[in-house]
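So this block is my_file32.txt, compact mmCIF, N, CA and C atoms:
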# COMPACT_ATOMS: atom_id res chain seq x y z
N MET A 1 6.58 0.67 17.07
CA MET A 1 6.33 -0.75 16.96
C MET A 1 7.51 -1.41 16.27
N ALA A 2 7.66 -2.68 16.53
CA ALA A 2 8.83 -3.41 16.05
C ALA A 2 8.88 -3.51 14.53
N ASN A 3 7.73 -3.71 13.87
CA ASN A 3 7.75 -3.93 12.43
C ASN A 3 7.57 -2.64 11.64
N GLY A 4 7.45 -1.51 12.30
CA GLY A 4 7.36 -0.24 11.60
C GLY A 4 5.98 0.12 11.10
N HIS A 5 4.96 -0.65 11.43
CA HIS A 5 3.60 -0.35 10.98
C HIS A 5 2.81 0.29 12.12
N GLY A 6 1.77 0.97 11.76
CA GLY A 6 0.91 1.60 12.76
C GLY A 6 1.30 3.05 12.97
N GLY A 7 0.35 3.81 13.43
CA GLY A 7 0.61 5.21 13.69
C GLY A 7 0.65 6.04 12.41
N LYS A 8 1.05 7.28 12.54
CA LYS A 8 1.09 8.20 11.41
C LYS A 8 2.25 7.83 10.48
N ARG A 9 1.96 7.82 9.18
CA ARG A 9 3.01 7.56 8.19
C ARG A 9 3.01 8.68 7.18
N GLU A 10 4.17 9.01 6.72
CA GLU A 10 4.35 10.07 5.73
C GLU A 10 3.60 9.74 4.45
N ASN A 11 2.88 10.70 3.88
CA ASN A 11 2.12 10.57 2.63
C ASN A 11 0.97 9.57 2.71
N ALA A 12 0.53 9.24 3.91
CA ALA A 12 -0.61 8.32 4.07
C ALA A 12 -1.91 9.12 4.00
N GLY A 13 -3.00 8.45 3.62
CA GLY A 13 -4.31 9.08 3.61
C GLY A 13 -4.63 9.73 2.28
N ASN A 14 -5.77 10.39 2.24
CA ASN A 14 -6.22 11.07 1.02
C ASN A 14 -5.36 12.29 0.72
N LYS A 15 -5.26 12.57 -0.55
CA LYS A 15 -4.54 13.77 -0.98
C LYS A 15 -5.42 14.99 -0.67
N PRO A 16 -4.82 16.16 -0.52
CA PRO A 16 -5.62 17.36 -0.26
C PRO A 16 -6.63 17.60 -1.37
N LYS A 17 -7.76 18.22 -1.02
CA LYS A 17 -8.84 18.47 -1.96
C LYS A 17 -8.35 19.30 -3.15
N VAL A 18 -7.44 20.22 -2.91
CA VAL A 18 -6.90 21.07 -3.98
C VAL A 18 -6.23 20.21 -5.05
N ASP A 19 -5.49 19.18 -4.62
CA ASP A 19 -4.82 18.30 -5.58
C ASP A 19 -5.82 17.53 -6.43
N SER A 20 -6.88 17.00 -5.79
CA SER A 20 -7.86 16.24 -6.57
C SER A 20 -8.64 17.16 -7.50
N GLU A 21 -8.88 18.42 -7.10
CA GLU A 21 -9.56 19.37 -7.98
C GLU A 21 -8.68 19.71 -9.19
N LYS A 22 -7.36 19.78 -9.00
CA LYS A 22 -6.44 20.03 -10.12
C LYS A 22 -6.52 18.88 -11.12
N VAL A 23 -6.58 17.66 -10.60
CA VAL A 23 -6.67 16.49 -11.47
C VAL A 23 -7.98 16.53 -12.25
N ASN A 24 -9.08 16.89 -11.59
CA ASN A 24 -10.38 16.99 -12.28
C ASN A 24 -10.33 18.00 -13.41
N VAL A 25 -9.68 19.14 -13.18
CA VAL A 25 -9.57 20.17 -14.21
C VAL A 25 -8.78 19.64 -15.40
N ILE A 26 -7.69 18.95 -15.13
CA ILE A 26 -6.86 18.39 -16.20
C ILE A 26 -7.65 17.38 -17.02
N ILE A 27 -8.39 16.48 -16.33
CA ILE A 27 -9.17 15.46 -17.03
C ILE A 27 -10.27 16.10 -17.87
N LEU A 28 -11.00 17.06 -17.30
CA LEU A 28 -12.06 17.74 -18.05
C LEU A 28 -11.50 18.49 -19.26
N THR A 29 -10.35 19.11 -19.09
CA THR A 29 -9.73 19.83 -20.20
C THR A 29 -9.37 18.85 -21.32
N ALA A 30 -8.83 17.70 -20.95
CA ALA A 30 -8.48 16.69 -21.96
C ALA A 30 -9.72 16.18 -22.69
N ILE A 31 -10.79 15.91 -21.95
CA ILE A 31 -12.02 15.43 -22.59
C ILE A 31 -12.57 16.50 -23.53
N LYS A 32 -12.54 17.77 -23.12
CA LYS A 32 -13.03 18.85 -23.97
C LYS A 32 -12.23 18.93 -25.26
N GLN A 33 -10.92 18.75 -25.17
CA GLN A 33 -10.09 18.80 -26.37
C GLN A 33 -10.35 17.60 -27.27
N ILE A 34 -10.46 16.43 -26.68
CA ILE A 34 -10.69 15.21 -27.47
C ILE A 34 -12.05 15.23 -28.14
N LYS A 35 -13.06 15.64 -27.42
CA LYS A 35 -14.43 15.61 -27.93
C LYS A 35 -14.83 16.88 -28.67
N GLY A 36 -14.00 17.91 -28.59
CA GLY A 36 -14.29 19.16 -29.29
C GLY A 36 -15.48 19.93 -28.72
N VAL A 37 -15.62 19.91 -27.39
CA VAL A 37 -16.70 20.63 -26.73
C VAL A 37 -16.10 21.78 -25.92
N ASP A 38 -16.98 22.70 -25.49
CA ASP A 38 -16.48 23.91 -24.84
C ASP A 38 -16.67 23.94 -23.32
N THR A 39 -17.73 23.32 -22.81
CA THR A 39 -18.01 23.45 -21.38
C THR A 39 -17.71 22.16 -20.63
N ASP A 40 -17.55 22.31 -19.32
CA ASP A 40 -17.33 21.14 -18.47
C ASP A 40 -18.52 20.19 -18.54
N GLU A 41 -19.72 20.75 -18.55
CA GLU A 41 -20.93 19.91 -18.60
C GLU A 41 -20.98 19.08 -19.88
N GLU A 42 -20.66 19.69 -21.00
CA GLU A 42 -20.64 18.95 -22.27
C GLU A 42 -19.59 17.84 -22.23
N ALA A 43 -18.44 18.13 -21.61
CA ALA A 43 -17.38 17.13 -21.51
C ALA A 43 -17.85 15.94 -20.66
N LYS A 44 -18.54 16.24 -19.56
CA LYS A 44 -19.04 15.15 -18.71
C LYS A 44 -20.07 14.32 -19.45
N ILE A 45 -20.95 14.97 -20.22
CA ILE A 45 -21.96 14.24 -20.99
C ILE A 45 -21.29 13.33 -22.01
N GLU A 46 -20.28 13.83 -22.70
CA GLU A 46 -19.56 13.00 -23.68
C GLU A 46 -18.87 11.82 -23.00
N PHE A 47 -18.34 12.05 -21.82
CA PHE A 47 -17.68 10.98 -21.07
C PHE A 47 -18.68 9.90 -20.69
N VAL A 48 -19.86 10.31 -20.23
CA VAL A 48 -20.90 9.35 -19.87
C VAL A 48 -21.36 8.56 -21.09
N LYS A 49 -21.46 9.23 -22.23
CA LYS A 49 -21.83 8.53 -23.48
C LYS A 49 -20.81 7.44 -23.80
N ASP A 50 -19.53 7.76 -23.64
CA ASP A 50 -18.48 6.77 -23.90
C ASP A 50 -18.58 5.60 -22.91
N LEU A 51 -18.84 5.92 -21.65
CA LEU A 51 -18.98 4.86 -20.65
C LEU A 51 -20.13 3.93 -21.01
N TYR A 52 -21.22 4.51 -21.49
CA TYR A 52 -22.42 3.75 -21.78
C TYR A 52 -22.24 2.75 -22.92
N GLU A 53 -21.20 2.92 -23.72
CA GLU A 53 -20.96 2.02 -24.85
C GLU A 53 -20.50 0.64 -24.42
N SER A 54 -19.95 0.50 -23.22
CA SER A 54 -19.49 -0.81 -22.75
C SER A 54 -20.42 -1.33 -21.66
N GLN A 55 -20.46 -2.64 -21.52
CA GLN A 55 -21.32 -3.24 -20.49
C GLN A 55 -20.84 -2.83 -19.10
N ARG A 56 -19.55 -2.82 -18.89
CA ARG A 56 -19.01 -2.43 -17.57
C ARG A 56 -19.36 -0.97 -17.27
N GLY A 57 -19.31 -0.12 -18.29
CA GLY A 57 -19.70 1.27 -18.11
C GLY A 57 -21.16 1.41 -17.75
N GLN A 58 -22.01 0.59 -18.37
CA GLN A 58 -23.44 0.62 -18.05
C GLN A 58 -23.68 0.19 -16.61
N ILE A 59 -22.96 -0.83 -16.16
CA ILE A 59 -23.08 -1.29 -14.77
C ILE A 59 -22.64 -0.18 -13.83
N PHE A 60 -21.52 0.48 -14.13
CA PHE A 60 -21.00 1.57 -13.31
C PHE A 60 -22.03 2.69 -13.19
N LEU A 61 -22.61 3.08 -14.33
CA LEU A 61 -23.60 4.16 -14.32
C LEU A 61 -24.85 3.75 -13.54
N ALA A 62 -25.32 2.53 -13.74
CA ALA A 62 -26.50 2.07 -13.02
C ALA A 62 -26.27 2.06 -11.52
N GLU A 63 -25.09 1.62 -11.09
CA GLU A 63 -24.78 1.58 -9.66
C GLU A 63 -24.75 2.98 -9.06
N HIS A 64 -24.30 3.95 -9.82
CA HIS A 64 -24.23 5.32 -9.31
C HIS A 64 -25.57 6.04 -9.37
N LEU A 65 -26.38 5.71 -10.36
CA LEU A 65 -27.70 6.34 -10.46
C LEU A 65 -28.72 5.69 -9.55
N LEU A 66 -28.70 4.36 -9.49
CA LEU A 66 -29.74 3.62 -8.77
C LEU A 66 -29.27 3.07 -7.43
N GLY A 67 -27.98 3.12 -7.17
CA GLY A 67 -27.43 2.54 -5.95
C GLY A 67 -26.98 1.11 -6.19
N LYS A 68 -25.91 0.73 -5.54
CA LYS A 68 -25.38 -0.61 -5.71
C LYS A 68 -26.23 -1.60 -4.93
N PRO A 69 -26.59 -2.74 -5.54
CA PRO A 69 -27.42 -3.71 -4.81
C PRO A 69 -26.66 -4.32 -3.64
N LYS A 70 -27.40 -4.70 -2.60
CA LYS A 70 -26.80 -5.34 -1.44
C LYS A 70 -26.32 -6.73 -1.83
N GLU A 71 -25.16 -7.10 -1.29
CA GLU A 71 -24.62 -8.42 -1.55
C GLU A 71 -24.81 -9.27 -0.31
N THR A 72 -25.32 -10.48 -0.49
CA THR A 72 -25.47 -11.40 0.63
C THR A 72 -24.57 -12.60 0.40
N ILE A 73 -24.06 -13.13 1.48
CA ILE A 73 -23.17 -14.28 1.41
C ILE A 73 -23.78 -15.41 2.23
N GLU A 74 -23.95 -16.53 1.59
CA GLU A 74 -24.47 -17.71 2.29
C GLU A 74 -23.29 -18.36 2.99
N ASN A 75 -23.37 -18.46 4.33
CA ASN A 75 -22.23 -18.98 5.07
C ASN A 75 -22.53 -20.30 5.76
N LYS A 76 -23.52 -21.02 5.27
CA LYS A 76 -23.80 -22.34 5.83
C LYS A 76 -23.11 -23.38 4.95
N HIS A 77 -22.14 -24.06 5.52
CA HIS A 77 -21.39 -25.08 4.78
C HIS A 77 -21.48 -26.40 5.54
N THR A 78 -21.69 -27.46 4.82
CA THR A 78 -21.73 -28.77 5.46
C THR A 78 -20.68 -29.67 4.83
N PHE A 79 -20.12 -30.55 5.64
CA PHE A 79 -19.12 -31.49 5.20
C PHE A 79 -19.36 -32.79 5.95
N ASN A 80 -19.82 -33.79 5.23
CA ASN A 80 -20.14 -35.07 5.85
C ASN A 80 -21.07 -34.89 7.05
N ASP A 81 -22.19 -34.22 6.81
CA ASP A 81 -23.19 -33.96 7.85
C ASP A 81 -22.66 -33.10 8.99
N PHE A 82 -21.61 -32.34 8.74
CA PHE A 82 -21.06 -31.42 9.73
C PHE A 82 -21.54 -30.01 9.37
N ASP A 83 -22.18 -29.35 10.30
CA ASP A 83 -22.69 -27.99 10.08
C ASP A 83 -21.75 -27.01 10.77
N ILE A 84 -21.16 -26.12 10.01
CA ILE A 84 -20.19 -25.18 10.57
C ILE A 84 -20.83 -24.27 11.63
N LYS A 85 -22.15 -24.04 11.51
CA LYS A 85 -22.83 -23.22 12.51
C LYS A 85 -22.81 -23.89 13.88
N GLU A 86 -22.80 -25.23 13.90
CA GLU A 86 -22.69 -25.94 15.18
C GLU A 86 -21.35 -25.66 15.85
N MET A 87 -20.32 -25.45 15.05
CA MET A 87 -18.98 -25.15 15.58
C MET A 87 -18.98 -23.81 16.32
N MET A 88 -19.80 -22.87 15.83
CA MET A 88 -19.87 -21.56 16.47
C MET A 88 -20.47 -21.65 17.87
N ASN A 89 -21.31 -22.65 18.09
CA ASN A 89 -21.95 -22.82 19.40
C ASN A 89 -21.19 -23.83 20.27
N PHE A 90 -20.02 -24.25 19.86
CA PHE A 90 -19.24 -25.22 20.59
C PHE A 90 -18.92 -24.71 21.99
N GLY A 91 -19.20 -25.49 22.98
CA GLY A 91 -18.89 -25.11 24.35
C GLY A 91 -19.96 -24.26 25.02
N LYS A 92 -20.97 -23.85 24.28
CA LYS A 92 -22.07 -23.08 24.87
C LYS A 92 -23.17 -24.03 25.28
N SER A 93 -23.71 -23.81 26.45
CA SER A 93 -24.79 -24.68 26.90
C SER A 93 -26.10 -24.22 26.28
N LYS A 94 -26.98 -25.18 26.03
CA LYS A 94 -28.28 -24.87 25.41
C LYS A 94 -29.29 -24.49 26.43
Mind turning this structure into structure tokens?
Amino acid sequence: MANGHGGKRENAGNKPKVDSEKVNVIILTAIKQIKGVDTDEEAKIEFVKDLYESQRGQIFLAEHLLGKPKETIENKHTFNDFDIKEMMNFGKSK
């Protein structure tokens, strides 16, 4: 393509699973050292406790435990008695 976009690109996409597992090990090791715990499970529990201390952390945990609520968008807009939904039907016979 003329602008160089599209198709396969070098280093695009997700990293291999092995790389993300290495990162998880490093993060868990750091949490264990900081919190003074021995197991991965204890480290995760301590991390969740820290998350729970902030409102954003509580929202994050609630979304993961209970599921994120559906978002709805109201798309009816009027301007001087003009209904944008009428524009969508422009040229269509009734």
Could you pull out the alpha helix (DSSP H) residues of range 36-70 of chain A, going by DSSP on the backbone, and write them as a PyMOL selection string?
chain A and resi 40-52+55-66
Report the distance between CA of His64 in chain A and CA of Val23 in chain A in Å, rounded to one decimal place.
20.9 Å
Take atom C of Phe60 in chain A and atom C of Val48 in chain A and report the distance between them in Å, one decimal.
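About the pair atom C of Phe60 in chain A and atom C of Val48 in chain A: they are 9.9 Å apart.
What separates CA of Lys49 in chain A from CA of Gly67 in chain A is a distance of 19.4 Å.
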